[in-house]
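In what follows, a single structure is set out as C-alpha cells and then discussed.
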Amino acid sequence: MNHRKTLKHAMEKLGKPPGSFGPDLDTETESAPRPAPRLALTRYDADRLERLEPATIGECAAAIDPGMVNWIIVTGIPDPATLEAVGQRFGIHALVLEDLGNTAQRTKIEDHDSHIFIVIRSLETDPASARLAVGQISLVFGDHWLISVGEQNGNLLHHVHDRLEHSRGRIRKLGADYLAYAVIDLLVDHYFTALHHIDDRLEKLTEHAIADPRPEMVPVIQGVKHDLLLARKAAWPVREVVSELQFGDSPLITANVTPFLRDLADHANQIMDLIEIYRELAGAAMETYLSSLSNRMNTIMQVLTVIATIFIPVTFIAGIYGMNFEWMPELKWRWGYPAVMTVMALLIAVMLWFFRRRKWF
Amino acid sequence: MNHRKTLKHAMEKLGKPPGSFGPDLDTETESAPRPAPRLALTRYDADRLERLEPATIGECAAAIDPGMVNWIIVTGIPDPATLEAVGQRFGIHALVLEDLGNTAQRTKIEDHDSHIFIVIRSLETDPASARLAVGQISLVFGDHWLISVGEQNGNLLHHVHDRLEHSRGRIRKLGADYLAYAVIDLLVDHYFTALHHIDDRLEKLTEHAIADPRPEMVPVIQGVKHDLLLARKAAWPVREVVSELQFGDSPLITANVTPFLRDLADHANQIMDLIEIYRELAGAAMETYLSSLSNRMNTIMQVLTVIATIFIPVTFIAGIYGMNFEWMPELKWRWGYPAVMTVMALLIAVMLWFFRRRKWF
Amino acid sequence: MNHRKTLKHAMEKLGKPPGSFGPDLDTETESAPRPAPRLALTRYDADRLERLEPATIGECAAAIDPGMVNWIIVTGIPDPATLEAVGQRFGIHALVLEDLGNTAQRTKIEDHDSHIFIVIRSLETDPASARLAVGQISLVFGDHWLISVGEQNGNLLHHVHDRLEHSRGRIRKLGADYLAYAVIDLLVDHYFTALHHIDDRLEKLTEHAIADPRPEMVPVIQGVKHDLLLARKAAWPVREVVSELQFGDSPLITANVTPFLRDLADHANQIMDLIEIYRELAGAAMETYLSSLSNRMNTIMQVLTVIATIFIPVTFIAGIYGMNFEWMPELKWRWGYPAVMTVMALLIAVMLWFFRRRKWF
Amino acid sequence: MNHRKTLKHAMEKLGKPPGSFGPDLDTETESAPRPAPRLALTRYDADRLERLEPATIGECAAAIDPGMVNWIIVTGIPDPATLEAVGQRFGIHALVLEDLGNTAQRTKIEDHDSHIFIVIRSLETDPASARLAVGQISLVFGDHWLISVGEQNGNLLHHVHDRLEHSRGRIRKLGADYLAYAVIDLLVDHYFTALHHIDDRLEKLTEHAIADPRPEMVPVIQGVKHDLLLARKAAWPVREVVSELQFGDSPLITANVTPFLRDLADHANQIMDLIEIYRELAGAAMETYLSSLSNRMNTIMQVLTVIATIFIPVTFIAGIYGMNFEWMPELKWRWGYPAVMTVMALLIAVMLWFFRRRKWF
Amino acid sequence: MNHRKTLKHAMEKLGKPPGSFGPDLDTETESAPRPAPRLALTRYDADRLERLEPATIGECAAAIDPGMVNWIIVTGIPDPATLEAVGQRFGIHALVLEDLGNTAQRTKIEDHDSHIFIVIRSLETDPASARLAVGQISLVFGDHWLISVGEQNGNLLHHVHDRLEHSRGRIRKLGADYLAYAVIDLLVDHYFTALHHIDDRLEKLTEHAIADPRPEMVPVIQGVKHDLLLARKAAWPVREVVSELQFGDSPLITANVTPFLRDLADHANQIMDLIEIYRELAGAAMETYLSSLSNRMNTIMQVLTVIATIFIPVTFIAGIYGMNFEWMPELKWRWGYPAVMTVMALLIAVMLWFFRRRKWF
C-alpha cells in the first residue's frame, strides 16, 4: 500500500541531513543495491525525431541538442551519482534531486525559476488484487528539456511517445512546456481508467450485497473506500499544480499552452466529482450489505418464531394427555383422541392465519 | 447513469491530443457512426420571426442575418466536420468546439471575449425508472447569435421557442444575451419539476417504510439520495455561472439583462435549499425504514418470548407426570389431575399478567 | 410544509417570462381567484397617528402624507393590478413587485437605491399539529414610507402597531428605517417563541423515549429535526440582512438606527446558538429512543433465555423417565421419583444462581 | 439549563422596545421583585487599596477617585434605576446598560470608544447534579474604572481581589485594562476546572460502560456531551474577544497589557483543544456502552443457543421412546435403555465439542 | 495522557499572576521539589566542537562564545531561578520564560525580535502500553545561541548531536537557525516512527477483528483513534510554525535555511495525509469488528433456528403418540411405529433441504 511506502522512505532517512540523496553526501555506499535505472533520450522538433538509448548519463548529457526539445526518460529510481550528474548538467536544485530519488512524494509543484519541478501520482489497477496501485512520475523541465523519472515511466508514457512519433501537429511544434502538459494530461486521463475499475468493483459488490451478504465483503468495500481516498489524495492537488502553472507567471510556460491547462483543470474537477459520487456509492454498498444482513436476521427469527409458536402449544397439549394420572376421564372417552387432534389442528390453523395476516411468511 | 457517461467519454479520448474532436485532427473515421444532428435556425427581431431548417451547416451559416438575433438549435451531438465549420463561421475556440461534441461536461462558463460558452445540465425524470436523467445543453453566444447544442435540445427548449413566437415583449426586443438567459432560466426552472418528482417518491417511500418495511426499499432510497447528489452537482455551479455573467464585465452582457440574472441566482439558491431539505428527508426515510424493521424484529421476539415462556414451564409439569415411576403417589390421587391442571392454569395466568404489565402484547 | 409551497410556486411560473406577476404581462386572468388582500394605512409622526382602511390602492396612495411616516399594511397576497399600481406610485422595481406576490421567498435583502426590499420569514407554531408553520413578511421601504406584505401580516404585526399607538418615544420620533427595524426585530423575537415550543416537544419526547419507546416516535423526532432545519434556514440569512443594513451605505438607513441593528444581529446569533443546541438535543432524543428500544430487546431476550434455559434441561430429564423401556430399573426404585425431583430442583437452583450472578434478572 | 435562560429572557422582552431595561422606559413596575444587588467598590493604586461597601449607587459614584483604579463589583442583577444612574455617571451606551441587566448574553465585546463592554461566560460545576452551570460576568471598563456585573460575581472574583490585596506587583501598578484582563484570565482558568470535572465524569462513565452497561447511562453521557457543547460555546468566542482587545486599536488598552493577551489567547486555544478531545472521549464512552450492550446480547443468545441446541435433540429421542406403540421392539430389549442413554450422551458430547471449537463458551 | 497534563498545569496555576514561574515572583518555595534539570553546552563552528557540562547556569553563561554557535541543552524542567538567570543573560521575554517551565504547551511559534520561541511536540511510543506518549521540546534561539528545553531532551536530540560531531558539512557551517531547523526536522521525522507503530497496531487489530471479535478490542481501537487525534494536534500547527519561519521576515532566519523549511513543510503535510489515512483505517477496524460481531450473532441465531425448527415438529409428533388415550388405533397397528418414524425422518429431510437451499448452513 502506498502509505507504507511513504512511511518506509521517511524512516530510512531518519537522522540524515536533508538534501542528501544517499546515506551521506560523501559516502555513497548503499545497503541494498537498487537495479540500475534505464535511460532514454528522445529529441525532436517539428521536422525531426530521434530516439537514443544512452548507457550513461554522460552520454545522455552529451547528446542534448539545444535547438530541439530533449526528453530524458528515466525508468526506475536513479542512483545518487546519476542524480548529481543530472543536477550539474541542468542546474537543478539539491532538494529537487533528493525528491527525484524518492518514490513517495505528494503531488506538488515547485518553481525554481530556471526549471519547474512537478510530481504527479499515477493510478493503476493491480490486476492480481484488483486494488489501486499508486505510483508517481516526477517531471523537471526547463527551456528546451524535460526529464521524467518514475518506476513505471516506460509503461505509462508510451502513449505520449506514440503521439510524438506519429503526429506532425501541435505536440511537435510546441516546446517542453507542452510536452510536460501532455504527460500530466495522460496521467490524469488514466485516473478515469482507475475509476472505471472501481466502478466495476462497486457494481459487483452491490449486487452481491443484495443477493448474498457475506462478512468477507466488509474488507472489500473498505478496500474500495481506501482506494477512493488514495485517488482523492492524488487528484485533489492536481488542481493546485495546474493553477500554479496557469497563473504562476513562470516564463517557462508559453501562452500557447495556457488554454490547454484550463482543460486539464476541468478534467481534475470531473475526477473529483466522480470520486465523490463513488464514495457515496461505496457508502451505499456498505449500507446495502448491512441492510441485507439485518433482513436475513429478521427472516431467520421469523422462521424460528413461526415454528416454535405453532408447535410449542400443541406439544403442551400432547404432554397433558401423556400424563399418567389414574383418574383422567378424557383418556377413556371414545372420541377423546379425535377431539384432541381436532383442537390441535384448529390451534395450528389459528396460528398460521395470525402469521399470514402479519405477513410473516 | 450520468457518471458512467463521463467515464466513457474520458476513456474514449485517452491518449488523443486535447482540442481534437474526433479520433484525430485529420482522420475523421469514427467507429460507430452517430446519428446526424438535426439543425434549426430561428432568426428574429422585434417585428419578424423566421424558422428555417437548413440541411447543412453551410446553408445555416448562409442564412445568418447580422441585423437579427440568430438562434441555431443543434439537436444531437454534432460531428467534427459540422463543429469545424461552425467554429470557422463564428470564430469559436478549438477547445470550446471539442466541448460541444462532448455529452459529459460539468456545468461551467468560459468567457472567450468574442463569445461566451456555457454548459448547463438538464434534469428530467425518466418515466420508466422514475430516476433522474441528467442531460446537458451547451450554449455559445456572441453579439447577434446563439448556438444551443444538446441531445434533448428540441424537447427542452420548445417553451422558450413558444415564448419567442407568441410574445412581442422583452424577449423579442432584447438580444442574444437575454435569449441565453431565457434558456438557462428554463433549464433551472425544470430543476423544480425534477425535485417535485423526488418529493413524490420520498413521500411514498416514507409511507411504505412505516407500513411495510422491505429490504427492496434500501436501493430505492439510495437511488433518491444519488439523484439528489446529481441534482446538487447540477445546481451548485449555476450560481457561479450566474455570478460570472453578472460581474464578469463581458461586453456581451447588456445592462438590461443584469437584474434578471439576480433573479436566476435566487432560483439557484432556492433549489440548493430544497435539495438540502430533501437530503434530510431521504435520510429520515432510511431512518424510518430501519426503525420500522427494528420494531418488527422486536415484535417477533416478543411473540416468541411470550409463547415460549408461557408453555415451556407447563410442558415441563406435564412431562413430570408423564414419567413412569412406579412410586408416584400423586398419580393415584383422585384430585391429582384436576390439581395439576389448576396449577398449570394459574401459572399461565401469572405469566400473562406479567407480560401484560410489561406491555408486551 | 414550506418546501412544498416553494415547489408549487416555482412550477406554476414554469415557462413564464421573469418579472411577470400573473400568467402574462397583458392577460390578467387567473385560474383560481385569490381572496382580495386587505389594505390598511397607518401614518404617524411624533405628535399624530392616524389609521385608515382604504378600500383600494388608489385611495391608499392618495392618503400618503410625505411629512409623516406612512405604513401600508397589506394582509394577503396582492393581485397583479394592485402591485402594478403600488409599483408606479413608489417607483418600485418590477422584480420586487413580482417577489411581493410570491409567498415562497428566501430571506433576503435587495437595495434598489430609492427603496430597500427585505423578505423575512415568520415562524409560528401550528396549534393543531404542533409543527412549525413558516410564513413570510415582505418589506419595502423608502424615505417616508414602508409597505409590509404578508398572509399573516395582521396577526404578527399588531405588537408593533400597539407600540406605535401607545408610545411617544423613539419609535414615533424616528423614520421608516426604524419602523422596518422594529418589524424585523419582532419577527426575530418570535423565533424564540417558536424555539420554546420545540423545547417543550423535545422534553416530552425524551421522557417518552425513556419510559415507553414506540415506533410512532421516530417521525415525531424527525419532524422536530425538520422544523429546526426550517428555523435555521429562516434565521441564518437574517445576519446577512442585518449586516447589509448596517454596512451597506444606503442613505435610507440613518445613524440613529445603526446601534439597534447590532442588537438585532446579536439576537440572530443567539437563535443560531439555540438551534444548534436543539439539534443536538433532537439527536439525543433519537439516540435515547434507539437505546431504550435496544434495552427492551435485551430484556425480552433475557426473559426468554432464563425461562428456556431453566426448563429445557429438566424437561429432558422428565422425558427420559417418560420412556417406555421395559428394563429401566430406576422406575422401580422406591426413591426414584423423589431423587429425580431433587435433581431437577437442584438443576433449577444452579441455573437461577448462575443468572443471578450475571445480573440477568 | 443555560439555553432555557436565554429563551426565557428573550420571551419576557417580546414586543418591548430594544434598549429598554425593564418593562418600559417610564414605568418601572416589575412583576417579581428581584433581590437587590450588592455593591462593592475597591479603589487602588500602587500604594493604597481601599474597599468600600456603598449602600446605593449614588454613594458609590461619589466615592470614585479619578487618580486611582476604581473597581465596582455588582453582585446580582442590577435594577433599571441603578443601571440608569451608572449609565449617567460613566457615560455608558443605553444598549450596554440593557445588556448589563440581562443574564443570558453570548460572550462578546463591544468597543464604545470611551468604554469597552465585554461579556464572558463563567463555567462552574453544580455540586448536586455534577452538571455544568453556566453563568456570566459582564465587564465595562473605561480609563480609570471597571464595573463587573454578575450573579456569581463575589464567589468567582475573590481570587482577583486577593491578588490585588496581597500583591504590590504588576496588578497594582497597571490600570483598569490589566484588571479587566485579570478577571477574564481568571474566568478562563476556571474553564480548566470545569473540564477537570468533566474528565472525572467521563472516566467513571467509561468504566461503568465496560463493567455494567445500563440504559440509565445514555442520558448521562448525553449530559456530558451537552455540557461540552456549552463549554465550547463559552470558550470559542473568547478568542475573538482577545483578538479584538489585541488588535482593536482602542486607546484604553495599553502596550503593557498586550503580551498578556497573547497568553490568554493561548489558554483559550488549549481549552478548545481539550474540549475537542473530551468530545471524542464522550463519543467513545457511548460507543463503549453500545458495544458492551451488544456484547451482552451476544452472550445471552449464546447461552440460549447452547442450552437449546444440546437438549432439544435428546428430548426428541426421549420423546420417541415415550410413544405408546404396541410394536416397538427396542422397548423390550435388555440393553435398549442403556443404548439410548449412551446415544444421547454422545450427542450431547458432540454438541459441546462443536460449541467449544466455535468458542461459544 | 497528555490532556491530563495540560489540565493539571492549568489548575496549579489557577489564580496566580500570569508571567510568574513559580508560586509567586518573590517567594520561591515549591511544594514538591522537582529534580534538578541537567545542563549541557555544545559550542561549535566549522572547525571546532566542544561539549561542556556546566553545573550551574552561571558557569554555562560564562562559557558562551559569541564567535561560535552555542547550544544549551536543558534536560528536565528548569526551576524558576535558572529561568530567571537565563532570561537575564539572553534577554528573553518573561512570558517565554514561564512557558519554558511549562510541560503542557501547544505547538507554537513566537517572534520576539531578538529571539524566536518555538514549542514542538515530540511523539514517542510507550513500550509498556504501546500507546503514544506526547512530550515537548521548547526552543529559544537568537543570533548565535539556541536553548532547547525538554524532559526527554537528551534521548530525542542525540541524533542531531551525532550529526554535529561527525559531520563537517552544512550543519557545522550554518548558524543557530539551521540548528533549530535540524531539531524540528528530527522531531517531525520521529512522527513517522510513531505512525509506524500505529500502523502495526491497526494491522493486528484488523486481523483480530475478523478472526475473533472481542469486546476488549473496542477500547483498544478507541485508543488508536485517540492517539491519532493527539498526533494530528501535534502535527497540524507545525505547518504554521514553518510558514511563520519561512515568511515571517525575521532577520534571524537566513536565506540558506529557507529551502530546507519548504522540505519540512512537505513532511508535515505528508504526516497529515498519513494521519487521515490511519483515521480511516481505524474507522474501518471498528466497522470490521462490529460487522464480525453481527455476523457471529447471525451464525448463532442460524444454529438455534435450524436445530429448533428441525426438532420441535418431530418432538410434537412423538408427543402425540405418547398420549395415553385408550382409543388410539394407530398405536395398535403393526406398522404404526415404523410409519411414524418414516414420517419424522421425511420431515427432518424436508427441513434440511429447505435450510440448505437458503444457505443457512
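Ordering of the C-alpha cells sets the chain letters (A, B, ...); residue numbers start at 1 within each chain; ligands are numbered from 1 in the order shown.
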TODO: Could you please select, counting only C-alpha atoms, the residues of chain A within 6 Å of chain B and state them as a list in words?
DONE: His159, Thr305, Phe316, Gly319, Ile320, Gly322, Met323, Asn324, Phe325 and Glu326 of chain A
TODO: Give me every strand (DSSP E) residue in stretch 60-206 of chain C, going by DSSP on the backbone, as a PyMOL selection string.
DONE: chain C and resi 69-75+108-111+116-125+132-141+145-150
TODO: Within 10 Å of D:Pro237, counting only C-alpha atoms, which residues show up once you throw out same-chain ones fewer than 6 positions away? Write them as a ChimeraX atom specification, please.
DONE: /D:106-109,120-121,243,268
For the residues selected in the previous step, produce a file with C-alpha atoms as a PDB file, in the first residue's frame.
ATOM      1  CA  ARG D 106     -23.413  35.485  24.443  1.00  0.00           C
ATOM      2  CA  THR D 107     -19.708  36.044  25.003  1.00  0.00           C
ATOM      3  CA  LYS D 108     -18.959  39.276  23.160  1.00  0.00           C
ATOM      4  CA  ILE D 109     -17.015  42.505  23.063  1.00  0.00           C
ATOM      5  CA  ILE D 120     -17.591  36.374  29.426  1.00  0.00           C
ATOM      6  CA  ARG D 121     -19.311  33.194  30.485  1.00  0.00           C
ATOM      7  CA  SER D 243      -8.163  39.359  19.337  1.00  0.00           C
ATOM      8  CA  ALA D 268      -8.455  29.758  25.054  1.00  0.00           C
TER       9      ALA D 268
END
TODO: For each of E:Asp249, E:Glu98, E:Asp143, E:Asp199, take the minimum atom-to-atom distance to D:Asp263, counting only C-alpha atoms, then give the residue where this is smallest.
DONE: E:Glu98
Open item on the list: Let's see if you can do this: from backbone DSSP, list all helix (DSSP H, G or I) residues in stretch 72-286 of chain E, as a ChimeraX atom specification.
Closed with: /E:80-90,94-100,153-166,170-173,176-211,217-247,258-286
TODO: For atom CA of A:Ala133 and atom CA of A:His161, determine how far apart the two atoms are, in Å to one decimal place.
DONE: 22.7 Å
